[in-house]
Amino acid sequence: MSERKQTADKENRREQAAKWRTGTGVALAVMSVYVLISIISYFFYWDVDYSVSGVPLAAGAGDGAYARNLGGAVGNYLAEMFVRHGFGVAAVCIPVATLIVALRLLRIGRLKTVKLLTLLLSLMILVSLSLGVCNSQMLLGAGLGGEYGYFIGRVWLTATLGKFGSIMLLAVAFFLLCCYAIPHFPQRCKALAMRLAAYFGRKKEREISTEPSTGDSDATVEEEKQDEQDEEQDEEQDESKADEDTADEESDEEGITFEPDTAVGIKLIVTPSEEEEEKADNDANSADENDAEANAEANDEAALALQVDGDGEEPLLAEVRASQLPYDPKADLSRYEHPPVELLNDYPKSAKSVSAEELEQNKDKIVRTLGHYNISISEIRATIGPTVTLYEIIPAPGVRISKIKGLENDIALSLAALGIRIIAPIPGKGTIGIEVPNQHSEIVSMHSVVKSAEFNDAKFELPIALGKTITNKTFVIDLAKMPHLLIAGATGQGKSVGLNAVLTSLLYKMHPSQLKFVLVDPKKVELPLYAKVERHFLAKLPDAEDAIITDNQKVIYTLNSLCIEMDARYELLKDAAVRNIKEYNQKFVDRRLNPEHGHRYLPYIVLVIDEFADLIMTAGREVEMPIARLAQLARAIGIHLVIATQRPTTNVITGLIKANFPARVAFRVTSMIDSRTILDTPGAQHLIGKGDMLVSTGSDIVRVQCAFVDTPEVEKIVEFIGKQQGYPTAFMLPEYVPEGGDGEREEVDLSRRDGMFEQAARLVVETQQGSTSLIQRKLNLGYNRAGRIMDQLEAAGVVGPPDGSKPRQVRIPDVIALEQMLSSKF
């Protein structure tokens, strides 16, 4: 009840905010129009109304003293303040600017408010100064530029730079303003100048040449046509040349690279950090995003032109034209905005980083320890990470790798450090790695990970940024290719933060139409934060009150419902003759699949379970079997699993589950046995905790420092998303009827049939599909009402009883037999 009350309070606050915004917008729009009319009227009656400008607002000063301004005494007073005492003629920009703000509040049109306001205010100042410098007549009381243009432009600017210098300065300012407002303005000016020069050159040549005779009139006409064609070709060449110049400038900017300095010691080579390259990549990425936005706007305008083209077309022809455009799954929430990166905390870089002295000391200790066992090395390289430094050893010829591997505890003793891990050898390199924890670790913020080029440039279906590797590279994986993720580790080592990093990455990258979450939280404290995005990103059962699943019985129903959804999606893929969800959605977007035949756009579904061990203890095989079935089959149809547990034992992570989870994340565990259970190899017992983890993607194991995202950051993200327009309800999963549920159902009274009963019966018989979701979708009904109609159809003998995950059998062969049955029974 408390959650319902909170939801109702939020809706009320949202409605109040919308009313306040609408009221403010209307009031501001009316005031803007009033001031605009008053200013325009002031241009005609300023000299007549000058004597009454000081009259009190409520009364005049005798007969004939009232203002002739259309805005009355108040309008005349405001116009005199803005025009005479302000910016002169350019004061019309003030009400226009406030009108734009009003339209923004009312959400009318798609105006770039900041850019328009900047242009208007800049134009107002420049026009006022220009009129003040150039105009000497005292019109409108203080000149066409107002008192601002007179005192700033004519008195101060002219006295400082002279009239010629002032005009030159203002001309440069106007040119810069045009460059800001008009794309590629310098290139357009250059092309226009070249066209004008070519035109006047040809005109001069024609004037100098002798006049043609009467017999040569046809030749003259042909020459004029040829001149026109040459002029058009010159214009096209000039425009293409301007575009090439712009492209060259952009390519020159993108061609700038930065190479970090390398600090080389006598024997220790320190691998450079790549943060500067990441910054350069981020700059290039932001430029690419701006270009992409511009291209998207151009495409939208082109699509709009395609739809608007040809006034007076038949409605059917316009409908056909619209149907030829690609389907846009984001159209229902076209105004959705991804969360800004500023919602995340950017932790400053620690001043106590790894020093050269610390590196030399660790190097000497490693060399000394190996020397005690007659192991000589030829070179050591050090790569500094956020929490761990990797020392790469190149052993001398003849040294056995297993001999170094056996000295793990001796090296840890000499370095007096916890979490020493030896990689012998490093995959893809002819070196042996010794990972040593730093004395002062750094926090890897989610802000730096989300802002990185690796995450923004990732062309993945479901990109997840887990953190940073030892080389300070952002570690990004594609959940769609994993295809499932197993997260395990001891209590308090960072599993919940890791889950938040997974969810945050997907929220930052995906649109609500592309992704839905099914969140299972037996602990009831970790995932309820995400309840605010229920109408955007969450999925639930039709009769469920809360989208966050905390009851074990509802978990069983939800998992079986996902199995039903999986089977239904495979039927759609079979009908569409495609192999996976990507091909299916592309075919649907290209309008090659008919929605009337049950086809629909399929969002990805990610099932997240926070504490899997608790489910296994309480539900056992009822949970394990549907999860194993989903893990085996659900990859192709876009259902992916993310499972976390703090008990990585064999009775929790069974062989059946491990076989279908090739991607695994291991935080620190207490024993080597637990590490082998998770990763099939030791190593997780040597981690240092606090987000230090090993990521296995099937081929190799990478040590990663998990990105830290705190609870207040998650709250700000879901609050930002929750305030935006969402779908009417959460994404509804199919209805699941447990075995033995038919006997418990109440008898259906066919004398109280639903009003849509006959239409639903005809629909089921025509399509030969006994599906509740089909009735819901085709007849535009709620799920509960569609379910009651399906029960009535079963009682009437139109369809059979539910058969697990399979659709109901339709017992009526055709519509004629249905009509005969309806007429005989009812």
# chains A, B, ... in the order shown; residues from 1 in each chain; ligands from 1
$ residues_around --residues "Lys825 in chain A" --least-positions-apart "4" --cutoff "9 Å" --atoms "only C-alpha atoms" --output "list in words"
Ala796, Gln820 and Met821 of chain A
$ write_last_selection --atoms "C-alpha atoms" --output "PDB file, in the first residue's frame"
ATOM      1  CA  ALA A 796     -18.217 -22.920 -25.127  1.00  0.00           C
ATOM      2  CA  GLN A 820     -23.762 -22.734 -36.793  1.00  0.00           C
ATOM      3  CA  MET A 821     -22.544 -23.404 -33.255  1.00  0.00           C
TER       4      MET A 821
END
$ closest_atom_pairs --of "range 335-448 of chain A" --to "range 690-714 of chain A" --cutoff "9 Å" --atoms "only C-alpha atoms" --output "JSON lines"
{"residue": "A:Leu343", "atom": "CA", "partner": "A:Glu713", "partner_atom": "CA", "distance": 6.5}
{"residue": "A:Leu344", "atom": "CA", "partner": "A:Glu713", "partner_atom": "CA", "distance": 5.6}
{"residue": "A:Asn345", "atom": "CA", "partner": "A:Glu713", "partner_atom": "CA", "distance": 7.2}
{"residue": "A:Gly385", "atom": "CA", "partner": "A:Gln705", "partner_atom": "CA", "distance": 8.8}
{"residue": "A:Pro386", "atom": "CA", "partner": "A:Gln705", "partner_atom": "CA", "distance": 7.3}
{"residue": "A:Thr387", "atom": "CA", "partner": "A:Gln705", "partner_atom": "CA", "distance": 7.1}
{"residue": "A:Val388", "atom": "CA", "partner": "A:Gln705", "partner_atom": "CA", "distance": 8.8}
{"residue": "A:Pro427", "atom": "CA", "partner": "A:Asp700", "partner_atom": "CA", "distance": 7.6}
{"residue": "A:Ile443", "atom": "CA", "partner": "A:Phe708", "partner_atom": "CA", "distance": 7.1}
{"residue": "A:Val444", "atom": "CA", "partner": "A:Ala707", "partner_atom": "CA", "distance": 5.0}
{"residue": "A:Ser445", "atom": "CA", "partner": "A:Phe708", "partner_atom": "CA", "distance": 5.1}
{"residue": "A:Met446", "atom": "CA", "partner": "A:Ala707", "partner_atom": "CA", "distance": 5.1}
{"residue": "A:His447", "atom": "CA", "partner": "A:Val709", "partner_atom": "CA", "distance": 8.4}
{"residue": "A:Ser448", "atom": "CA", "partner": "A:Ala707", "partner_atom": "CA", "distance": 8.6}
$ closest_residue --among "A:Thr389, A:Leu370, A:Val172, A:Tyr584" --to "Lys405 in chain A" --atoms "only C-alpha atoms"
A:Leu370
$ residues_around --residues "range 173-184 of chain A" --least-positions-apart "2" --cutoff "9 Å" --atoms "only C-alpha atoms" --output "VMD selection string"
chain A and resid 115 to 116 119 122 to 123 126 168 to 171 186 to 189 242 to 243 246
$ write_last_selection --atoms "C-alpha atoms" --output "mmCIF file, in the first residue's frame"
data_model
loop_
_atom_site.group_PDB
_atom_site.id
_atom_site.type_symbol
_atom_site.label_atom_id
_atom_site.label_comp_id
_atom_site.auth_asym_id
_atom_site.auth_seq_id
_atom_site.Cartn_x
_atom_site.Cartn_y
_atom_site.Cartn_z
ATOM 1 C CA LYS A 115 20.604 28.353 -30.018
ATOM 2 C CA LEU A 116 17.628 30.525 -30.984
ATOM 3 C CA LEU A 119 21.047 34.217 -31.918
ATOM 4 C CA SER A 122 23.298 38.572 -30.147
ATOM 5 C CA LEU A 123 21.392 39.966 -33.124
ATOM 6 C CA LEU A 126 24.634 44.024 -32.857
ATOM 7 C CA MET A 168 34.680 47.049 -39.418
ATOM 8 C CA LEU A 169 34.365 45.572 -35.924
ATOM 9 C CA LEU A 170 30.601 45.222 -36.254
ATOM 10 C CA ALA A 171 30.969 43.643 -39.705
ATOM 11 C CA PRO A 186 32.333 30.758 -45.243
ATOM 12 C CA GLN A 187 32.234 28.102 -47.960
ATOM 13 C CA ARG A 188 28.813 29.334 -49.109
ATOM 14 C CA CYS A 189 30.101 32.906 -49.296
ATOM 15 C CA ALA A 242 32.931 23.973 -50.769
ATOM 16 C CA ASP A 243 31.775 20.620 -49.411
ATOM 17 C CA THR A 246 34.694 21.361 -45.318
#
$ residues_around --residues "range 328-341 of chain A" --least-positions-apart "6" --cutoff "12 Å" --atoms "only C-alpha atoms" --output "VMD selection string"
chain A and resid 107 109 to 110 300 322 445 to 452 456 504 to 515 535 to 536 585 to 586 588 to 591 600 to 603 713 to 728
$ write_last_selection --atoms "N, CA and C atoms" --output "compact mmCIF listing (two decimals), in the first residue's frame"
# COMPACT_ATOMS: atom_id res chain seq x y z
N ARG A 107 5.74 22.87 -25.02
CA ARG A 107 6.19 21.74 -25.83
C ARG A 107 5.53 21.73 -27.20
N GLY A 109 6.24 22.24 -31.06
CA GLY A 109 7.35 22.25 -32.01
C GLY A 109 8.63 21.72 -31.39
N ARG A 110 9.61 21.52 -32.24
CA ARG A 110 10.93 21.05 -31.80
C ARG A 110 11.95 22.16 -32.05
N ASP A 300 15.05 13.05 -40.90
CA ASP A 300 13.68 13.31 -40.45
C ASP A 300 13.00 14.32 -41.36
N ALA A 322 3.19 6.20 -46.73
CA ALA A 322 3.67 6.12 -45.35
C ALA A 322 4.09 4.71 -44.99
N SER A 445 35.50 5.09 -11.44
CA SER A 445 34.13 5.60 -11.39
C SER A 445 33.35 5.15 -12.61
N MET A 446 32.06 4.99 -12.42
CA MET A 446 31.18 4.67 -13.55
C MET A 446 31.14 5.84 -14.53
N HIS A 447 31.38 7.04 -14.04
CA HIS A 447 31.43 8.22 -14.90
C HIS A 447 32.51 8.09 -15.96
N SER A 448 33.71 7.70 -15.54
CA SER A 448 34.81 7.56 -16.50
C SER A 448 34.59 6.42 -17.47
N VAL A 449 33.91 5.38 -17.01
CA VAL A 449 33.67 4.23 -17.88
C VAL A 449 32.61 4.55 -18.94
N VAL A 450 31.51 5.19 -18.51
CA VAL A 450 30.44 5.53 -19.46
C VAL A 450 30.90 6.58 -20.46
N LYS A 451 31.80 7.45 -20.02
CA LYS A 451 32.28 8.53 -20.89
C LYS A 451 33.38 8.06 -21.85
N SER A 452 33.90 6.87 -21.66
CA SER A 452 35.05 6.42 -22.45
C SER A 452 34.65 6.14 -23.89
N ASN A 456 31.29 4.23 -25.77
CA ASN A 456 30.46 5.01 -26.69
C ASN A 456 30.57 4.52 -28.13
N THR A 504 23.28 -0.22 -15.10
CA THR A 504 23.54 1.18 -15.47
C THR A 504 24.05 1.28 -16.90
N SER A 505 24.94 0.39 -17.29
CA SER A 505 25.46 0.42 -18.66
C SER A 505 24.33 0.28 -19.68
N LEU A 506 23.43 -0.66 -19.43
CA LEU A 506 22.33 -0.87 -20.38
C LEU A 506 21.35 0.29 -20.36
N LEU A 507 21.10 0.89 -19.20
CA LEU A 507 20.20 2.05 -19.15
C LEU A 507 20.76 3.24 -19.90
N TYR A 508 22.08 3.39 -19.88
CA TYR A 508 22.70 4.51 -20.58
C TYR A 508 22.73 4.30 -22.10
N LYS A 509 22.70 3.05 -22.53
CA LYS A 509 22.91 2.79 -23.96
C LYS A 509 21.64 2.45 -24.73
N MET A 510 20.63 1.90 -24.05
CA MET A 510 19.48 1.34 -24.75
C MET A 510 18.25 2.25 -24.63
N HIS A 511 17.35 2.10 -25.62
CA HIS A 511 16.05 2.79 -25.62
C HIS A 511 15.01 1.86 -25.00
N PRO A 512 13.97 2.39 -24.33
CA PRO A 512 12.97 1.51 -23.71
C PRO A 512 12.31 0.54 -24.68
N SER A 513 12.23 0.88 -25.95
CA SER A 513 11.61 -0.03 -26.92
C SER A 513 12.53 -1.19 -27.26
N GLN A 514 13.82 -1.11 -26.93
CA GLN A 514 14.78 -2.13 -27.32
C GLN A 514 15.09 -3.13 -26.22
N LEU A 515 14.75 -2.82 -24.98
CA LEU A 515 15.22 -3.65 -23.86
C LEU A 515 14.20 -3.65 -22.73
N ARG A 535 7.55 1.57 -16.18
CA ARG A 535 6.84 1.81 -17.44
C ARG A 535 7.78 2.03 -18.61
N HIS A 536 9.07 1.99 -18.36
CA HIS A 536 10.06 2.17 -19.43
C HIS A 536 10.81 0.88 -19.74
N ASN A 585 13.98 -8.60 -36.28
CA ASN A 585 13.63 -7.19 -36.08
C ASN A 585 13.96 -6.36 -37.31
N GLN A 586 15.06 -6.68 -37.98
CA GLN A 586 15.41 -5.94 -39.19
C GLN A 586 14.36 -6.16 -40.28
N PHE A 588 11.24 -6.88 -39.68
CA PHE A 588 10.03 -6.18 -39.25
C PHE A 588 10.16 -4.68 -39.50
N VAL A 589 11.33 -4.12 -39.23
CA VAL A 589 11.55 -2.68 -39.47
C VAL A 589 11.41 -2.36 -40.95
N ASP A 590 11.86 -3.26 -41.80
CA ASP A 590 11.75 -3.05 -43.26
C ASP A 590 10.35 -3.32 -43.77
N ARG A 591 9.40 -3.61 -42.87
CA ARG A 591 7.99 -3.85 -43.19
C ARG A 591 7.82 -5.05 -44.14
N ARG A 600 5.46 -8.84 -34.42
CA ARG A 600 5.66 -7.63 -33.63
C ARG A 600 7.16 -7.41 -33.44
N TYR A 601 7.50 -6.18 -33.07
CA TYR A 601 8.90 -5.87 -32.79
C TYR A 601 9.26 -6.50 -31.44
N LEU A 602 10.38 -7.22 -31.42
CA LEU A 602 10.77 -7.97 -30.22
C LEU A 602 11.89 -7.25 -29.48
N PRO A 603 11.64 -6.76 -28.27
CA PRO A 603 12.73 -6.17 -27.48
C PRO A 603 13.57 -7.27 -26.84
N GLU A 713 23.70 7.59 -6.97
CA GLU A 713 23.84 7.74 -8.42
C GLU A 713 22.75 6.95 -9.15
N VAL A 714 22.50 5.74 -8.70
CA VAL A 714 21.44 4.93 -9.32
C VAL A 714 20.08 5.61 -9.13
N GLU A 715 19.85 6.19 -7.96
CA GLU A 715 18.58 6.87 -7.71
C GLU A 715 18.40 8.05 -8.66
N LYS A 716 19.47 8.80 -8.91
CA LYS A 716 19.36 9.94 -9.83
C LYS A 716 19.09 9.47 -11.26
N ILE A 717 19.68 8.35 -11.64
CA ILE A 717 19.48 7.84 -13.01
C ILE A 717 18.03 7.39 -13.21
N VAL A 718 17.52 6.58 -12.27
CA VAL A 718 16.15 6.08 -12.43
C VAL A 718 15.14 7.22 -12.24
N GLU A 719 15.47 8.21 -11.44
CA GLU A 719 14.59 9.37 -11.29
C GLU A 719 14.52 10.15 -12.59
N PHE A 720 15.67 10.30 -13.27
CA PHE A 720 15.70 11.01 -14.55
C PHE A 720 14.86 10.28 -15.59
N ILE A 721 14.97 8.96 -15.63
CA ILE A 721 14.20 8.18 -16.61
C ILE A 721 12.73 8.15 -16.22
N GLY A 722 12.45 7.98 -14.94
CA GLY A 722 11.06 7.86 -14.49
C GLY A 722 10.24 9.11 -14.72
N LYS A 723 10.86 10.29 -14.76
CA LYS A 723 10.13 11.53 -14.97
C LYS A 723 9.68 11.71 -16.41
N GLN A 724 10.28 10.94 -17.34
CA GLN A 724 9.94 11.08 -18.75
C GLN A 724 8.69 10.28 -19.08
N GLN A 725 8.14 10.58 -20.24
CA GLN A 725 6.96 9.85 -20.70
C GLN A 725 7.32 8.38 -20.91
N GLY A 726 6.47 7.49 -20.42
CA GLY A 726 6.69 6.06 -20.56
C GLY A 726 5.50 5.38 -21.21
N TYR A 727 5.56 4.07 -21.29
CA TYR A 727 4.44 3.29 -21.80
C TYR A 727 3.33 3.26 -20.75
N PRO A 728 2.09 2.95 -21.16
CA PRO A 728 1.00 2.93 -20.17
C PRO A 728 1.25 1.95 -19.03
$ residues_around --residues "Met124 in chain A" --least-positions-apart "2" --cutoff "8 Å" --atoms "only C-alpha atoms" --output "list in words"
Phe87, Ala90, Ala91, Cys93, Leu120, Leu121, Ser122, Leu126, Val127 and Ser128 of chain A
$ residues_around --residues "Asp674 in chain A" --least-positions-apart "5" --cutoff "10 Å" --atoms "only C-alpha atoms" --output "list in words"
Ala488, Gly489, Ala490, Arg647, Pro648, Thr649, Thr650, Ala666, Arg668, Val669, Leu679, Asp680, Thr681, Pro682, Gly683, Ala684 and Gln685 of chain A
$ write_last_selection --atoms "all heavy atoms" --output "short mmCIF file (atom, residue, chain, number, x, y, z; two decimals), in the first residue's frame"
data_model
loop_
_atom_site.label_atom_id
_atom_site.label_comp_id
_atom_site.auth_asym_id
_atom_site.auth_seq_id
_atom_site.Cartn_x
_atom_site.Cartn_y
_atom_site.Cartn_z
N ALA A 488 29.77 -14.35 -9.30
CA ALA A 488 29.88 -15.03 -8.00
C ALA A 488 31.03 -14.44 -7.22
O ALA A 488 31.97 -13.87 -7.77
CB ALA A 488 30.08 -16.54 -8.20
N GLY A 489 30.95 -14.59 -5.91
CA GLY A 489 31.99 -14.08 -5.03
C GLY A 489 31.51 -14.09 -3.59
O GLY A 489 30.31 -14.23 -3.32
N ALA A 490 32.45 -13.92 -2.69
CA ALA A 490 32.10 -13.93 -1.27
C ALA A 490 31.32 -12.67 -0.91
O ALA A 490 31.24 -11.70 -1.67
CB ALA A 490 33.37 -14.04 -0.42
N ARG A 647 27.36 -17.77 -2.87
CA ARG A 647 27.76 -19.13 -2.47
C ARG A 647 28.15 -19.92 -3.71
O ARG A 647 27.35 -20.68 -4.26
CB ARG A 647 26.62 -19.82 -1.73
CG ARG A 647 26.36 -19.25 -0.36
CD ARG A 647 25.24 -20.01 0.31
NE ARG A 647 25.48 -21.46 0.30
CZ ARG A 647 24.53 -22.37 0.45
NH1 ARG A 647 23.27 -22.00 0.59
NH2 ARG A 647 24.82 -23.66 0.44
N PRO A 648 29.37 -19.77 -4.18
CA PRO A 648 29.79 -20.46 -5.41
C PRO A 648 30.16 -21.91 -5.15
O PRO A 648 31.31 -22.34 -5.35
CB PRO A 648 31.00 -19.64 -5.85
CG PRO A 648 31.58 -19.10 -4.59
CD PRO A 648 30.43 -18.87 -3.66
N THR A 649 29.19 -22.70 -4.67
CA THR A 649 29.43 -24.11 -4.41
C THR A 649 28.79 -24.94 -5.51
O THR A 649 27.94 -24.47 -6.27
CB THR A 649 28.84 -24.50 -3.05
OG1 THR A 649 27.46 -24.14 -3.01
CG2 THR A 649 29.56 -23.78 -1.93
N THR A 650 29.19 -26.20 -5.58
CA THR A 650 28.74 -27.06 -6.67
C THR A 650 27.25 -27.38 -6.60
O THR A 650 26.64 -27.68 -7.63
CB THR A 650 29.54 -28.37 -6.66
OG1 THR A 650 29.46 -28.96 -5.35
CG2 THR A 650 30.99 -28.11 -7.00
N ALA A 666 34.20 -13.52 -11.45
CA ALA A 666 34.52 -13.99 -10.11
C ALA A 666 35.12 -12.85 -9.29
O ALA A 666 36.17 -12.32 -9.65
CB ALA A 666 35.50 -15.17 -10.18
N ARG A 668 36.36 -11.80 -5.23
CA ARG A 668 37.21 -12.55 -4.31
C ARG A 668 36.42 -13.64 -3.60
O ARG A 668 35.30 -13.42 -3.14
CB ARG A 668 37.82 -11.59 -3.29
CG ARG A 668 38.83 -12.27 -2.38
CD ARG A 668 39.32 -11.33 -1.31
NE ARG A 668 40.26 -12.00 -0.42
CZ ARG A 668 40.74 -11.48 0.69
NH1 ARG A 668 40.37 -10.26 1.05
NH2 ARG A 668 41.59 -12.15 1.42
N VAL A 669 37.02 -14.84 -3.56
CA VAL A 669 36.43 -15.97 -2.84
C VAL A 669 37.41 -16.41 -1.76
O VAL A 669 38.56 -15.98 -1.72
CB VAL A 669 36.10 -17.13 -3.80
CG1 VAL A 669 35.01 -16.73 -4.77
CG2 VAL A 669 37.34 -17.58 -4.54
N LEU A 679 35.40 -20.44 -12.18
CA LEU A 679 36.19 -20.19 -13.37
C LEU A 679 36.83 -21.43 -13.97
O LEU A 679 37.46 -21.33 -15.02
CB LEU A 679 37.30 -19.17 -13.05
CG LEU A 679 36.86 -17.81 -12.50
CD1 LEU A 679 38.08 -17.00 -12.09
CD2 LEU A 679 36.05 -17.05 -13.53
N ASP A 680 36.71 -22.56 -13.29
CA ASP A 680 37.42 -23.79 -13.69
C ASP A 680 38.93 -23.63 -13.58
O ASP A 680 39.69 -24.38 -14.21
CB ASP A 680 37.06 -24.20 -15.13
CG ASP A 680 35.60 -24.62 -15.24
OD1 ASP A 680 35.07 -25.16 -14.26
OD2 ASP A 680 35.00 -24.38 -16.30
N THR A 681 39.39 -22.66 -12.82
CA THR A 681 40.82 -22.43 -12.62
C THR A 681 41.01 -21.65 -11.33
O THR A 681 40.13 -20.87 -10.93
CB THR A 681 41.43 -21.65 -13.80
OG1 THR A 681 42.84 -21.51 -13.62
CG2 THR A 681 40.81 -20.27 -13.92
N PRO A 682 42.14 -21.82 -10.62
CA PRO A 682 42.38 -21.01 -9.42
C PRO A 682 42.74 -19.58 -9.77
O PRO A 682 43.01 -19.26 -10.93
CB PRO A 682 43.54 -21.74 -8.74
CG PRO A 682 44.25 -22.44 -9.84
CD PRO A 682 43.19 -22.83 -10.84
N GLY A 683 42.75 -18.73 -8.76
CA GLY A 683 43.14 -17.33 -8.96
C GLY A 683 42.23 -16.35 -8.26
O GLY A 683 42.68 -15.29 -7.80
N ALA A 684 40.93 -16.65 -8.16
CA ALA A 684 40.00 -15.71 -7.53
C ALA A 684 40.25 -15.59 -6.04
O ALA A 684 39.86 -14.59 -5.42
CB ALA A 684 38.56 -16.15 -7.79
N GLN A 685 40.91 -16.59 -5.43
CA GLN A 685 41.21 -16.50 -4.00
C GLN A 685 42.33 -15.51 -3.71
O GLN A 685 42.54 -15.13 -2.56
CB GLN A 685 41.59 -17.88 -3.44
CG GLN A 685 42.98 -18.38 -3.82
CD GLN A 685 42.99 -19.07 -5.18
OE1 GLN A 685 42.02 -18.96 -5.94
NE2 GLN A 685 44.06 -19.76 -5.48
#
$ residues_around --residues "range 523-527 of chain A" --least-positions-apart "2" --cutoff "10 Å" --atoms "only C-alpha atoms" --output "count of residues only"
20
$ select_by_dssp --residues "range 450-482 of chain A" --states "alpha helix (DSSP H)" --output "count of residues only"
5
$ decode --residues "range 16-27 of chain A" --atoms "N, CA, C and O atoms" --output "mmCIF file, in the first residue's frame"
data_model
loop_
_atom_site.group_PDB
_atom_site.id
_atom_site.type_symbol
_atom_site.label_atom_id
_atom_site.label_comp_id
_atom_site.auth_asym_id
_atom_site.auth_seq_id
_atom_site.Cartn_x
_atom_site.Cartn_y
_atom_site.Cartn_z
ATOM 1 N N GLN A 16 0.759 18.092 -11.302
ATOM 2 C CA GLN A 16 0.878 19.471 -10.841
ATOM 3 C C GLN A 16 1.959 20.219 -11.601
ATOM 4 O O GLN A 16 1.788 21.382 -11.983
ATOM 5 N N ALA A 17 3.088 19.546 -11.825
ATOM 6 C CA ALA A 17 4.176 20.181 -12.577
ATOM 7 C C ALA A 17 3.748 20.478 -14.006
ATOM 8 O O ALA A 17 4.075 21.534 -14.567
ATOM 9 N N ALA A 18 2.997 19.543 -14.621
ATOM 10 C CA ALA A 18 2.528 19.774 -15.994
ATOM 11 C C ALA A 18 1.548 20.948 -16.044
ATOM 12 O O ALA A 18 1.604 21.778 -16.966
ATOM 13 N N LYS A 19 0.658 21.033 -15.043
ATOM 14 C CA LYS A 19 -0.278 22.164 -15.011
ATOM 15 C C LYS A 19 0.468 23.483 -14.815
ATOM 16 O O LYS A 19 0.152 24.490 -15.466
ATOM 17 N N TRP A 20 1.436 23.482 -13.911
ATOM 18 C CA TRP A 20 2.204 24.710 -13.693
ATOM 19 C C TRP A 20 2.950 25.121 -14.953
ATOM 20 O O TRP A 20 2.966 26.302 -15.307
ATOM 21 N N ARG A 21 3.538 24.138 -15.637
ATOM 22 C CA ARG A 21 4.274 24.443 -16.864
ATOM 23 C C ARG A 21 3.347 24.988 -17.946
ATOM 24 O O ARG A 21 3.666 25.952 -18.640
ATOM 25 N N THR A 22 2.157 24.384 -18.076
ATOM 26 C CA THR A 22 1.214 24.855 -19.095
ATOM 27 C C THR A 22 0.720 26.255 -18.772
ATOM 28 O O THR A 22 0.656 27.128 -19.648
ATOM 29 N N GLY A 23 0.367 26.481 -17.496
ATOM 30 C CA GLY A 23 -0.100 27.812 -17.117
ATOM 31 C C GLY A 23 0.952 28.879 -17.321
ATOM 32 O O GLY A 23 0.671 29.973 -17.833
ATOM 33 N N THR A 24 2.170 28.588 -16.921
ATOM 34 C CA THR A 24 3.263 29.547 -17.114
ATOM 35 C C THR A 24 3.497 29.812 -18.590
ATOM 36 O O THR A 24 3.718 30.965 -19.013
ATOM 37 N N GLY A 25 3.460 28.747 -19.403
ATOM 38 C CA GLY A 25 3.681 28.916 -20.836
ATOM 39 C C GLY A 25 2.621 29.777 -21.492
ATOM 40 O O GLY A 25 2.919 30.657 -22.309
ATOM 41 N N VAL A 26 1.338 29.549 -21.136
ATOM 42 C CA VAL A 26 0.252 30.351 -21.711
ATOM 43 C C VAL A 26 0.388 31.813 -21.293
ATOM 44 O O VAL A 26 0.250 32.736 -22.115
ATOM 45 N N ALA A 27 0.647 32.047 -19.998
ATOM 46 C CA ALA A 27 0.785 33.426 -19.519
ATOM 47 C C ALA A 27 1.952 34.130 -20.198
ATOM 48 O O ALA A 27 1.841 35.295 -20.615
#
